[in-house]
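K.L.:
Pasting model-v4.pdb here (PDB, C-alpha atoms, pLDDT in the B column):
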ATOM      1  CA  GLU A 143      56.714  50.140 168.831  1.00 85.00           C
ATOM      2  CA  ALA A 144      59.807  48.037 169.499  1.00 82.00           C
ATOM      3  CA  GLN A 145      58.690  44.505 170.194  1.00 93.00           C
ATOM      4  CA  VAL A 146      59.075  40.782 169.826  1.00 96.00           C
ATOM      5  CA  THR A 147      55.975  39.148 168.358  1.00 97.00           C
ATOM      6  CA  GLN A 148      55.170  35.486 168.831  1.00 97.00           C
ATOM      7  CA  ASN A 149      52.345  33.517 167.277  1.00 97.00           C
ATOM      8  CA  PRO A 150      50.194  31.814 168.255  1.00 97.00           C
ATOM      9  CA  ARG A 151      49.611  32.831 171.876  1.00 96.00           C
ATOM     10  CA  TYR A 152      47.858  29.559 172.664  1.00 97.00           C
ATOM     11  CA  LEU A 153      48.082  26.215 170.912  1.00 97.00           C
ATOM     12  CA  ILE A 154      46.658  22.796 171.683  1.00 97.00           C
ATOM     13  CA  THR A 155      47.905  19.996 169.467  1.00 96.00           C
ATOM     14  CA  VAL A 156      48.182  16.226 169.368  1.00 97.00           C
ATOM     15  CA  THR A 157      51.275  14.100 169.784  1.00 97.00           C
ATOM     16  CA  GLY A 158      53.304  13.813 166.605  1.00 97.00           C
ATOM     17  CA  LYS A 159      51.702  16.629 164.633  1.00 97.00           C
ATOM     18  CA  LYS A 160      54.408  18.992 163.413  1.00 97.00           C
ATOM     19  CA  LEU A 161      54.040  22.620 164.443  1.00 97.00           C
ATOM     20  CA  THR A 162      55.857  25.921 164.116  1.00 98.00           C
ATOM     21  CA  VAL A 163      55.822  28.839 166.529  1.00 98.00           C
ATOM     22  CA  THR A 164      56.783  32.048 164.794  1.00 98.00           C
ATOM     23  CA  CYS A 165      58.874  34.838 166.279  1.00 98.00           C
ATOM     24  CA  SER A 166      59.636  38.211 164.752  1.00 98.00           C
ATOM     25  CA  GLN A 167      61.438  41.292 166.102  1.00 97.00           C
ATOM     26  CA  ASN A 168      61.472  44.811 164.685  1.00 95.00           C
ATOM     27  CA  MET A 169      64.547  46.147 166.521  1.00 93.00           C
ATOM     28  CA  ASN A 170      67.261  44.912 164.140  1.00 93.00           C
ATOM     29  CA  HIS A 171      68.698  42.763 166.948  1.00 92.00           C
ATOM     30  CA  GLU A 172      71.478  40.311 166.183  1.00 90.00           C
ATOM     31  CA  TYR A 173      70.799  37.910 169.044  1.00 90.00           C
ATOM     32  CA  MET A 174      67.620  35.855 169.300  1.00 93.00           C
ATOM     33  CA  SER A 175      66.768  33.032 171.623  1.00 93.00           C
ATOM     34  CA  TRP A 176      64.012  30.609 172.607  1.00 96.00           C
ATOM     35  CA  TYR A 177      63.211  29.729 176.210  1.00 96.00           C
ATOM     36  CA  ARG A 178      60.696  27.453 177.835  1.00 97.00           C
ATOM     37  CA  GLN A 179      59.254  28.139 181.269  1.00 96.00           C
ATOM     38  CA  ASP A 180      58.021  25.326 183.490  1.00 94.00           C
ATOM     39  CA  PRO A 181      56.853  25.403 187.123  1.00 89.00           C
ATOM     40  CA  GLY A 182      59.725  24.596 189.458  1.00 85.00           C
ATOM     41  CA  LEU A 183      62.270  24.640 186.629  1.00 89.00           C
ATOM     42  CA  GLY A 184      62.205  28.305 185.670  1.00 89.00           C
ATOM     43  CA  LEU A 185      63.262  29.602 182.275  1.00 93.00           C
ATOM     44  CA  ARG A 186      65.588  27.362 180.279  1.00 94.00           C
ATOM     45  CA  GLN A 187      67.210  28.159 176.965  1.00 92.00           C
ATOM     46  CA  ILE A 188      66.306  25.922 174.027  1.00 95.00           C
ATOM     47  CA  TYR A 189      68.243  27.443 171.123  1.00 94.00           C
ATOM     48  CA  TYR A 190      69.904  30.722 170.349  1.00 91.00           C
ATOM     49  CA  SER A 191      71.163  32.576 167.302  1.00 91.00           C
ATOM     50  CA  MET A 192      73.758  35.322 167.070  1.00 87.00           C
ATOM     51  CA  ASN A 193      72.975  36.235 163.473  1.00 87.00           C
ATOM     52  CA  VAL A 194      71.533  35.005 160.203  1.00 90.00           C
ATOM     53  CA  GLU A 195      72.379  31.350 159.579  1.00 88.00           C
ATOM     54  CA  VAL A 196      74.183  31.082 162.935  1.00 87.00           C
ATOM     55  CA  THR A 197      72.339  28.998 165.520  1.00 91.00           C
ATOM     56  CA  ASP A 198      73.374  26.798 168.424  1.00 89.00           C
ATOM     57  CA  LYS A 199      71.874  24.588 171.104  1.00 90.00           C
ATOM     58  CA  GLY A 200      70.939  25.821 174.536  1.00 89.00           C
ATOM     59  CA  ASP A 201      70.293  23.671 177.591  1.00 88.00           C
ATOM     60  CA  VAL A 202      67.230  21.767 176.421  1.00 95.00           C
ATOM     61  CA  PRO A 203      67.359  21.448 172.597  1.00 96.00           C
ATOM     62  CA  GLU A 204      66.034  17.885 172.232  1.00 96.00           C
ATOM     63  CA  GLY A 205      62.884  17.714 170.144  1.00 97.00           C
ATOM     64  CA  TYR A 206      63.218  21.225 168.742  1.00 98.00           C
ATOM     65  CA  LYS A 207      64.601  22.823 165.608  1.00 97.00           C
ATOM     66  CA  VAL A 208      65.183  26.451 164.681  1.00 97.00           C
ATOM     67  CA  SER A 209      66.203  28.418 161.633  1.00 95.00           C
ATOM     68  CA  ARG A 210      67.435  31.968 161.084  1.00 95.00           C
ATOM     69  CA  LYS A 211      67.097  32.802 157.408  1.00 96.00           C
ATOM     70  CA  GLU A 212      66.296  36.444 158.027  1.00 95.00           C
ATOM     71  CA  LYS A 213      67.550  38.703 160.806  1.00 95.00           C
ATOM     72  CA  ARG A 214      64.072  39.516 162.095  1.00 97.00           C
ATOM     73  CA  ASN A 215      62.598  35.986 162.218  1.00 97.00           C
ATOM     74  CA  PHE A 216      63.480  33.009 164.392  1.00 97.00           C
ATOM     75  CA  PRO A 217      60.834  30.265 164.200  1.00 98.00           C
ATOM     76  CA  LEU A 218      60.733  27.326 166.617  1.00 98.00           C
ATOM     77  CA  ILE A 219      59.826  24.005 165.025  1.00 98.00           C
ATOM     78  CA  LEU A 220      58.565  20.916 166.815  1.00 97.00           C
ATOM     79  CA  GLU A 221      58.802  18.091 164.274  1.00 95.00           C
ATOM     80  CA  SER A 222      57.009  15.499 166.406  1.00 97.00           C
ATOM     81  CA  PRO A 223      55.641  17.092 169.573  1.00 97.00           C
ATOM     82  CA  SER A 224      55.286  15.026 172.722  1.00 97.00           C
ATOM     83  CA  PRO A 225      53.376  15.736 175.963  1.00 97.00           C
ATOM     84  CA  ASN A 226      56.616  16.625 177.787  1.00 96.00           C
ATOM     85  CA  GLN A 227      56.888  19.631 175.482  1.00 98.00           C
ATOM     86  CA  THR A 228      53.780  21.119 177.028  1.00 98.00           C
ATOM     87  CA  SER A 229      55.104  24.423 178.343  1.00 97.00           C
ATOM     88  CA  LEU A 230      55.133  28.199 178.095  1.00 97.00           C
ATOM     89  CA  TYR A 231      57.541  29.323 175.381  1.00 98.00           C
ATOM     90  CA  PHE A 232      59.223  32.693 175.036  1.00 97.00           C
ATOM     91  CA  CYS A 233      61.163  34.174 172.180  1.00 97.00           C
ATOM     92  CA  ALA A 234      63.627  36.947 173.018  1.00 95.00           C
ATOM     93  CA  SER A 235      66.007  39.243 171.190  1.00 93.00           C
ATOM     94  CA  SER A 236      68.965  41.404 172.143  1.00 89.00           C
ATOM     95  CA  LEU A 237      71.136  43.950 170.373  1.00 83.00           C
ATOM     96  CA  PHE A 238      74.410  42.624 171.779  1.00 72.00           C
ATOM     97  CA  GLY A 239      75.184  40.054 174.432  1.00 61.00           C
ATOM     98  CA  ASP A 240      75.591  42.551 177.232  1.00 63.00           C
ATOM     99  CA  TYR A 241      72.183  44.120 176.841  1.00 71.00           C
ATOM    100  CA  GLY A 242      68.976  42.855 178.365  1.00 79.00           C
ATOM    101  CA  TYR A 243      66.850  40.612 176.238  1.00 88.00           C
ATOM    102  CA  THR A 244      63.430  41.824 175.088  1.00 92.00           C
ATOM    103  CA  PHE A 245      60.933  39.005 175.472  1.00 95.00           C
ATOM    104  CA  GLY A 246      57.798  38.229 173.534  1.00 96.00           C
ATOM    105  CA  SER A 247      54.429  37.689 175.209  1.00 95.00           C
ATOM    106  CA  GLY A 248      54.747  33.922 175.190  1.00 97.00           C
ATOM    107  CA  THR A 249      53.120  30.909 173.556  1.00 98.00           C
ATOM    108  CA  ARG A 250      51.318  28.440 175.783  1.00 97.00           C
ATOM    109  CA  LEU A 251      51.581  25.038 174.129  1.00 98.00           C
ATOM    110  CA  THR A 252      49.646  21.967 175.212  1.00 98.00           C
ATOM    111  CA  VAL A 253      50.433  18.612 173.604  1.00 97.00           C
ATOM    112  CA  VAL A 254      47.855  15.885 174.239  1.00 97.00           C
TER     113      VAL A 254
ATOM    114  CA  GLU B1158      77.681  24.845 185.488  1.00 82.00           C
ATOM    115  CA  ASP B1159      76.150  28.248 186.141  1.00 86.00           C
ATOM    116  CA  GLN B1160      73.572  28.349 188.924  1.00 92.00           C
ATOM    117  CA  VAL B1161      71.175  30.991 190.208  1.00 95.00           C
ATOM    118  CA  THR B1162      69.125  30.665 193.399  1.00 96.00           C
ATOM    119  CA  GLN B1163      66.533  33.194 194.420  1.00 97.00           C
ATOM    120  CA  SER B1164      64.989  33.656 197.853  1.00 97.00           C
ATOM    121  CA  PRO B1165      62.438  33.806 199.186  1.00 97.00           C
ATOM    122  CA  GLU B1166      60.181  31.983 196.740  1.00 96.00           C
ATOM    123  CA  ALA B1167      57.269  34.203 197.732  1.00 97.00           C
ATOM    124  CA  LEU B1168      56.913  37.451 199.628  1.00 97.00           C
ATOM    125  CA  ARG B1169      53.774  39.117 200.935  1.00 97.00           C
ATOM    126  CA  LEU B1170      54.144  42.788 201.801  1.00 97.00           C
ATOM    127  CA  GLN B1171      51.880  45.507 203.041  1.00 97.00           C
ATOM    128  CA  GLU B1172      51.882  48.639 200.941  1.00 97.00           C
ATOM    129  CA  GLY B1173      54.788  50.778 202.116  1.00 97.00           C
ATOM    130  CA  GLU B1174      56.641  47.877 203.756  1.00 97.00           C
ATOM    131  CA  SER B1175      60.139  47.848 202.259  1.00 98.00           C
ATOM    132  CA  SER B1176      61.950  44.555 201.690  1.00 98.00           C
ATOM    133  CA  SER B1177      64.764  42.880 199.777  1.00 98.00           C
ATOM    134  CA  LEU B1178      64.953  39.939 197.390  1.00 98.00           C
ATOM    135  CA  ASN B1179      68.085  37.833 197.186  1.00 98.00           C
ATOM    136  CA  CYS B1180      69.788  36.289 194.170  1.00 98.00           C
ATOM    137  CA  SER B1181      72.778  34.033 194.839  1.00 98.00           C
ATOM    138  CA  TYR B1182      74.822  32.914 191.884  1.00 97.00           C
ATOM    139  CA  THR B1183      77.780  30.830 190.795  1.00 94.00           C
ATOM    140  CA  VAL B1184      79.173  31.472 187.355  1.00 89.00           C
ATOM    141  CA  SER B1185      82.446  30.875 185.560  1.00 84.00           C
ATOM    142  CA  GLY B1186      83.234  34.543 185.122  1.00 87.00           C
ATOM    143  CA  LEU B1187      80.353  36.991 185.305  1.00 90.00           C
ATOM    144  CA  ARG B1188      79.601  38.955 182.188  1.00 88.00           C
ATOM    145  CA  GLY B1189      76.394  40.464 183.552  1.00 91.00           C
ATOM    146  CA  LEU B1190      73.601  39.939 186.077  1.00 95.00           C
ATOM    147  CA  PHE B1191      70.102  40.800 184.961  1.00 95.00           C
ATOM    148  CA  TRP B1192      66.880  41.524 186.827  1.00 97.00           C
ATOM    149  CA  TYR B1193      63.515  41.073 185.152  1.00 97.00           C
ATOM    150  CA  ARG B1194      59.925  41.585 186.229  1.00 97.00           C
ATOM    151  CA  GLN B1195      57.277  39.136 185.021  1.00 97.00           C
ATOM    152  CA  ASP B1196      53.534  39.675 185.297  1.00 96.00           C
ATOM    153  CA  PRO B1197      51.149  36.711 185.036  1.00 91.00           C
ATOM    154  CA  GLY B1198      50.699  35.557 181.439  1.00 86.00           C
ATOM    155  CA  LYS B1199      53.342  37.941 180.100  1.00 91.00           C
ATOM    156  CA  GLY B1200      56.959  37.809 179.079  1.00 94.00           C
ATOM    157  CA  PRO B1201      59.744  38.983 181.385  1.00 95.00           C
ATOM    158  CA  GLU B1202      60.354  42.726 181.299  1.00 94.00           C
ATOM    159  CA  PHE B1203      63.952  43.916 181.568  1.00 92.00           C
ATOM    160  CA  LEU B1204      64.770  46.015 184.650  1.00 94.00           C
ATOM    161  CA  PHE B1205      68.546  46.206 185.222  1.00 91.00           C
ATOM    162  CA  THR B1206      71.932  44.882 184.204  1.00 92.00           C
ATOM    163  CA  LEU B1207      74.795  44.870 186.728  1.00 95.00           C
ATOM    164  CA  TYR B1208      78.328  44.114 185.619  1.00 92.00           C
ATOM    165  CA  SER B1209      80.695  44.319 188.586  1.00 93.00           C
ATOM    166  CA  ALA B1210      80.699  44.031 192.364  1.00 95.00           C
ATOM    167  CA  GLY B1211      79.734  47.261 194.062  1.00 96.00           C
ATOM    168  CA  GLU B1212      77.556  48.432 191.212  1.00 96.00           C
ATOM    169  CA  GLU B1213      74.067  49.753 192.005  1.00 97.00           C
ATOM    170  CA  LYS B1214      71.161  50.748 189.775  1.00 96.00           C
ATOM    171  CA  GLU B1215      67.810  52.319 190.593  1.00 96.00           C
ATOM    172  CA  LYS B1216      64.462  52.613 188.902  1.00 94.00           C
ATOM    173  CA  GLU B1217      61.552  54.181 190.758  1.00 95.00           C
ATOM    174  CA  ARG B1218      61.074  52.098 193.940  1.00 97.00           C
ATOM    175  CA  LEU B1219      63.553  49.420 192.887  1.00 98.00           C
ATOM    176  CA  LYS B1220      67.264  49.335 193.584  1.00 98.00           C
ATOM    177  CA  ALA B1221      69.581  46.527 192.550  1.00 98.00           C
ATOM    178  CA  THR B1222      73.004  45.878 194.061  1.00 98.00           C
ATOM    179  CA  LEU B1223      75.729  43.362 193.262  1.00 97.00           C
ATOM    180  CA  THR B1224      78.464  41.572 195.187  1.00 96.00           C
ATOM    181  CA  LYS B1225      80.776  38.805 193.996  1.00 93.00           C
ATOM    182  CA  LYS B1226      78.331  36.116 195.108  1.00 95.00           C
ATOM    183  CA  GLU B1227      74.884  37.662 195.192  1.00 97.00           C
ATOM    184  CA  SER B1228      72.593  40.443 194.139  1.00 98.00           C
ATOM    185  CA  PHE B1229      69.801  42.137 196.013  1.00 98.00           C
ATOM    186  CA  LEU B1230      66.702  43.807 194.686  1.00 98.00           C
ATOM    187  CA  HIS B1231      65.448  46.294 197.235  1.00 98.00           C
ATOM    188  CA  ILE B1232      61.839  47.421 196.991  1.00 98.00           C
ATOM    189  CA  THR B1233      61.284  50.677 198.861  1.00 98.00           C
ATOM    190  CA  ALA B1234      57.766  51.608 199.992  1.00 97.00           C
ATOM    191  CA  PRO B1235      56.133  49.175 197.540  1.00 97.00           C
ATOM    192  CA  LYS B1236      52.757  49.758 195.953  1.00 97.00           C
ATOM    193  CA  PRO B1237      50.238  47.133 194.816  1.00 97.00           C
ATOM    194  CA  GLU B1238      51.384  47.667 191.207  1.00 97.00           C
ATOM    195  CA  ASP B1239      54.803  46.305 192.213  1.00 98.00           C
ATOM    196  CA  SER B1240      53.193  42.874 192.617  1.00 98.00           C
ATOM    197  CA  ALA B1241      54.899  40.531 190.153  1.00 98.00           C
ATOM    198  CA  THR B1242      57.469  37.770 189.916  1.00 97.00           C
ATOM    199  CA  TYR B1243      61.019  39.098 189.915  1.00 98.00           C
ATOM    200  CA  LEU B1244      63.576  37.043 188.019  1.00 97.00           C
ATOM    201  CA  CYS B1245      67.340  37.136 188.309  1.00 97.00           C
ATOM    202  CA  ALA B1246      69.620  35.821 185.553  1.00 95.00           C
ATOM    203  CA  VAL B1247      73.357  35.623 184.942  1.00 92.00           C
ATOM    204  CA  GLN B1248      75.359  35.648 181.767  1.00 88.00           C
ATOM    205  CA  ALA B1249      78.795  34.090 181.803  1.00 84.00           C
ATOM    206  CA  LYS B1250      81.881  35.178 179.963  1.00 80.00           C
ATOM    207  CA  MET B1251      82.346  32.584 177.291  1.00 69.00           C
ATOM    208  CA  ILE B1252      85.099  31.913 174.819  1.00 54.00           C
ATOM    209  CA  LYS B1253      82.618  31.281 172.071  1.00 56.00           C
ATOM    210  CA  ALA B1254      81.113  34.577 171.003  1.00 51.00           C
ATOM    211  CA  ALA B1255      77.730  33.031 170.366  1.00 45.00           C
ATOM    212  CA  GLY B1256      77.319  32.150 174.028  1.00 53.00           C
ATOM    213  CA  ASN B1257      74.675  34.692 174.905  1.00 69.00           C
ATOM    214  CA  LYS B1258      72.781  32.426 177.258  1.00 78.00           C
ATOM    215  CA  LEU B1259      71.002  33.717 180.321  1.00 86.00           C
ATOM    216  CA  THR B1260      70.729  31.307 183.252  1.00 90.00           C
ATOM    217  CA  PHE B1261      67.655  32.178 185.293  1.00 94.00           C
ATOM    218  CA  GLY B1262      66.746  31.647 188.909  1.00 95.00           C
ATOM    219  CA  GLY B1263      63.335  30.367 189.937  1.00 94.00           C
ATOM    220  CA  GLY B1264      62.018  33.833 190.738  1.00 96.00           C
ATOM    221  CA  THR B1265      60.445  35.517 193.752  1.00 97.00           C
ATOM    222  CA  ARG B1266      56.676  36.094 193.663  1.00 97.00           C
ATOM    223  CA  VAL B1267      55.919  39.406 195.330  1.00 98.00           C
ATOM    224  CA  LEU B1268      52.418  40.354 196.444  1.00 98.00           C
ATOM    225  CA  VAL B1269      51.872  43.854 197.790  1.00 98.00           C
ATOM    226  CA  LYS B1270      48.577  44.299 199.606  1.00 97.00           C
ATOM    227  CA  PRO B1271      46.956  47.729 199.969  1.00 95.00           C
TER     228      PRO B1271
END
Translate this file's structure into structure tokens.

P.N.:
Amino acid sequence: EAQVTQNPRYLITVTGKKLTVTCSQNMNHEYMSWYRQDPGLGLRQIYYSMNVEVTDKGDVPEGYKVSRKEKRNFPLILESPSPNQTSLYFCASSLFGDYGYTFGSGTRLTVV
Amino acid sequence: EDQVTQSPEALRLQEGESSSLNCSYTVSGLRGLFWYRQDPGKGPEFLFTLYSAGEEKEKERLKATLTKKESFLHITAPKPEDSATYLCAVQAKMIKAAGNKLTFGGGTRVLVKP
């Protein structure tokens, strides 16, 4: 089944404790992207990647890092999480820019 | 800066009561306008892409249309299973090829009562 898989689905952590949210797609898509979804603010892009080793900032990149060492994987790294990073995170992938993104099921992160 | 505004924020419909959702946008050259459906606790599910004014696309009870300033998602004779949040997003033509960003609106929550 074609899909984008994120892990974990739920995560509660403490301020400052480094964490990684994994994302993997099995569709051989070039484009991958991370979004966060917050009430009243909608979905906002954090980082995107158009291919292996090619990444760039989205609208809200502060406090996040990404890497794209393999085409299928695009992990999101929070080096020192803070409470304002409490949010619902989605990874997404797309074959080319003009096609709709396929989204993962989401990771609900709470930073206390 | 690209902007997307969706209205209404919420919509309550009786089963069979057709209605339309609005998505107004401003973008520096439209590459594509996307409609997604999102169920609670799940990721957005792709519905349609529209590329140019006058274009229309249909899927079951949903029909999306596009003008130069807005898009409409028409729901014909909705059923309770059509209850969801519907998201609109635009993608701008960008010089840099890596600019694949989608700018989303706030969504319209649709509740269809039997």

K.L.:
Might you spell out which residues the PyMOL selection byres ((chain B and resi 1196-1200) around 12) would select in the displayed file, as a PyMOL selection string?

P.N.:
(chain A and resi 145-148+151-152+176-179+185+230-234+243-250) or (chain B and resi 1193-1195+1201-1203+1238-1244+1264-1268)

K.L.:
Smallest atom-to-atom distance to Glu212 (chain A): which of A:Val194, A:Arg186, A:Thr155, A:Glu143, using all atoms listed in the file?

P.N.:
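When distances to Glu212 (chain A) are compared using all atoms listed in the file, the smallest one comes from A:Val194.
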
K.L.:
As a PyMOL selection string, please: the residues near Pro1165 (chain B) (cut-off 8 Å, only C-alpha atoms, same-chain neighbours under 3 positions excluded).

P.N.:
chain B and resi 1168+1178-1179+1265

K.L.:
Using the chain letters and numbers from the file, give me the residues hit by the PyMOL selection byres ((chain B) within 10 of (chain A)), as a PDB file with C-alpha atoms, in the coordinates of the input.

P.N.:
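As written to disk, expr.pdb reads:
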ATOM      1  CA  ARG B1188      79.601  38.955 182.188  1.00 88.00           C
ATOM      2  CA  GLY B1189      76.394  40.464 183.552  1.00 91.00           C
ATOM      3  CA  LEU B1190      73.601  39.939 186.077  1.00 95.00           C
ATOM      4  CA  PHE B1191      70.102  40.800 184.961  1.00 95.00           C
ATOM      5  CA  TRP B1192      66.880  41.524 186.827  1.00 97.00           C
ATOM      6  CA  TYR B1193      63.515  41.073 185.152  1.00 97.00           C
ATOM      7  CA  GLY B1198      50.699  35.557 181.439  1.00 86.00           C
ATOM      8  CA  LYS B1199      53.342  37.941 180.100  1.00 91.00           C
ATOM      9  CA  GLY B1200      56.959  37.809 179.079  1.00 94.00           C
ATOM     10  CA  PRO B1201      59.744  38.983 181.385  1.00 95.00           C
ATOM     11  CA  GLU B1202      60.354  42.726 181.299  1.00 94.00           C
ATOM     12  CA  PHE B1203      63.952  43.916 181.568  1.00 92.00           C
ATOM     13  CA  LEU B1204      64.770  46.015 184.650  1.00 94.00           C
ATOM     14  CA  PHE B1205      68.546  46.206 185.222  1.00 91.00           C
ATOM     15  CA  THR B1206      71.932  44.882 184.204  1.00 92.00           C
ATOM     16  CA  LEU B1207      74.795  44.870 186.728  1.00 95.00           C
ATOM     17  CA  TYR B1208      78.328  44.114 185.619  1.00 92.00           C
ATOM     18  CA  LEU B1244      63.576  37.043 188.019  1.00 97.00           C
ATOM     19  CA  ALA B1246      69.620  35.821 185.553  1.00 95.00           C
ATOM     20  CA  GLN B1248      75.359  35.648 181.767  1.00 88.00           C
ATOM     21  CA  LYS B1250      81.881  35.178 179.963  1.00 80.00           C
ATOM     22  CA  ALA B1254      81.113  34.577 171.003  1.00 51.00           C
ATOM     23  CA  ALA B1255      77.730  33.031 170.366  1.00 45.00           C
ATOM     24  CA  GLY B1256      77.319  32.150 174.028  1.00 53.00           C
ATOM     25  CA  ASN B1257      74.675  34.692 174.905  1.00 69.00           C
ATOM     26  CA  LYS B1258      72.781  32.426 177.258  1.00 78.00           C
ATOM     27  CA  LEU B1259      71.002  33.717 180.321  1.00 86.00           C
ATOM     28  CA  THR B1260      70.729  31.307 183.252  1.00 90.00           C
ATOM     29  CA  PHE B1261      67.655  32.178 185.293  1.00 94.00           C
ATOM     30  CA  GLY B1262      66.746  31.647 188.909  1.00 95.00           C
ATOM     31  CA  GLY B1263      63.335  30.367 189.937  1.00 94.00           C
ATOM     32  CA  GLY B1264      62.018  33.833 190.738  1.00 96.00           C
TER      33      GLY B1264
END

K.L.:
Pick out the residues sitting within 9 Å of Thr157 (chain A), and hand them over as a list in words; count only C-alpha atoms, and ignore anything fewer than 3 positions along from it in its own chain.

P.N.:
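Once the nearby chain positions are removed, what remains is Lys160, Ser222, Pro223, Ser224, Pro225, Val253 and Val254 of chain A.
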
K.L.:
Using the chain letters and numbers from the file, give me the residues hit by the PyMOL selection byres ((chain A and resi 217-221) around 7), as a list in words.

P.N.:
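This file, filtered by the PyMOL selection byres ((chain A and resi 217-221) around 7), leaves Lys160, Leu161, Thr162, Val163, Thr164, Cys165, Gly205, Tyr206, Lys207, Val208, Ser209, Asn215, Phe216, Ser222 and Pro223 of chain A.
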
K.L.:
Rounded to one decimal place, report the CA of Gly1186 (chain B)-CA of Phe1229 (chain B) distance in Å.

P.N.:
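The value is 18.9 Å.
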
K.L.:
Just so I have it separately, write region 208-237 of chain A from the block I sent, keeping C-alpha atoms, as a PDB file, in the first residue's frame.

P.N.:
ATOM      1  CA  VAL A 208      15.853  17.901   8.852  1.00  0.00           C
ATOM      2  CA  SER A 209      18.009  15.594   6.794  1.00  0.00           C
ATOM      3  CA  ARG A 210      17.473  13.683   3.557  1.00  0.00           C
ATOM      4  CA  LYS A 211      20.161  11.036   3.266  1.00  0.00           C
ATOM      5  CA  GLU A 212      17.908   8.550   1.522  1.00  0.00           C
ATOM      6  CA  LYS A 213      15.057   9.227  -0.887  1.00  0.00           C
ATOM      7  CA  ARG A 214      12.464   7.450   1.242  1.00  0.00           C
ATOM      8  CA  ASN A 215      13.275   8.992   4.650  1.00  0.00           C
ATOM      9  CA  PHE A 216      12.906  12.549   5.909  1.00  0.00           C
ATOM     10  CA  PRO A 217      13.278  12.769   9.701  1.00  0.00           C
ATOM     11  CA  LEU A 218      12.358  15.884  11.685  1.00  0.00           C
ATOM     12  CA  ILE A 219      14.738  16.708  14.521  1.00  0.00           C
ATOM     13  CA  LEU A 220      14.022  18.953  17.485  1.00  0.00           C
ATOM     14  CA  GLU A 221      17.397  19.592  19.124  1.00  0.00           C
ATOM     15  CA  SER A 222      16.013  21.398  22.174  1.00  0.00           C
ATOM     16  CA  PRO A 223      12.215  21.261  22.195  1.00  0.00           C
ATOM     17  CA  SER A 224      10.236  24.052  23.811  1.00  0.00           C
ATOM     18  CA  PRO A 225       6.547  24.227  24.817  1.00  0.00           C
ATOM     19  CA  ASN A 226       5.724  26.393  21.776  1.00  0.00           C
ATOM     20  CA  GLN A 227       6.580  23.386  19.617  1.00  0.00           C
ATOM     21  CA  THR A 228       3.623  21.510  21.029  1.00  0.00           C
ATOM     22  CA  SER A 229       1.626  20.782  17.886  1.00  0.00           C
ATOM     23  CA  LEU A 230       0.338  18.215  15.421  1.00  0.00           C
ATOM     24  CA  TYR A 231       3.012  17.399  12.851  1.00  0.00           C
ATOM     25  CA  PHE A 232       2.525  15.959   9.387  1.00  0.00           C
ATOM     26  CA  CYS A 233       5.020  14.578   6.942  1.00  0.00           C
ATOM     27  CA  ALA A 234       4.026  14.577   3.272  1.00  0.00           C
ATOM     28  CA  SER A 235       5.467  13.445  -0.034  1.00  0.00           C
ATOM     29  CA  SER A 236       4.785  14.174  -3.684  1.00  0.00           C
ATOM     30  CA  LEU A 237       6.006  12.796  -6.992  1.00  0.00           C
TER      31      LEU A 237
END
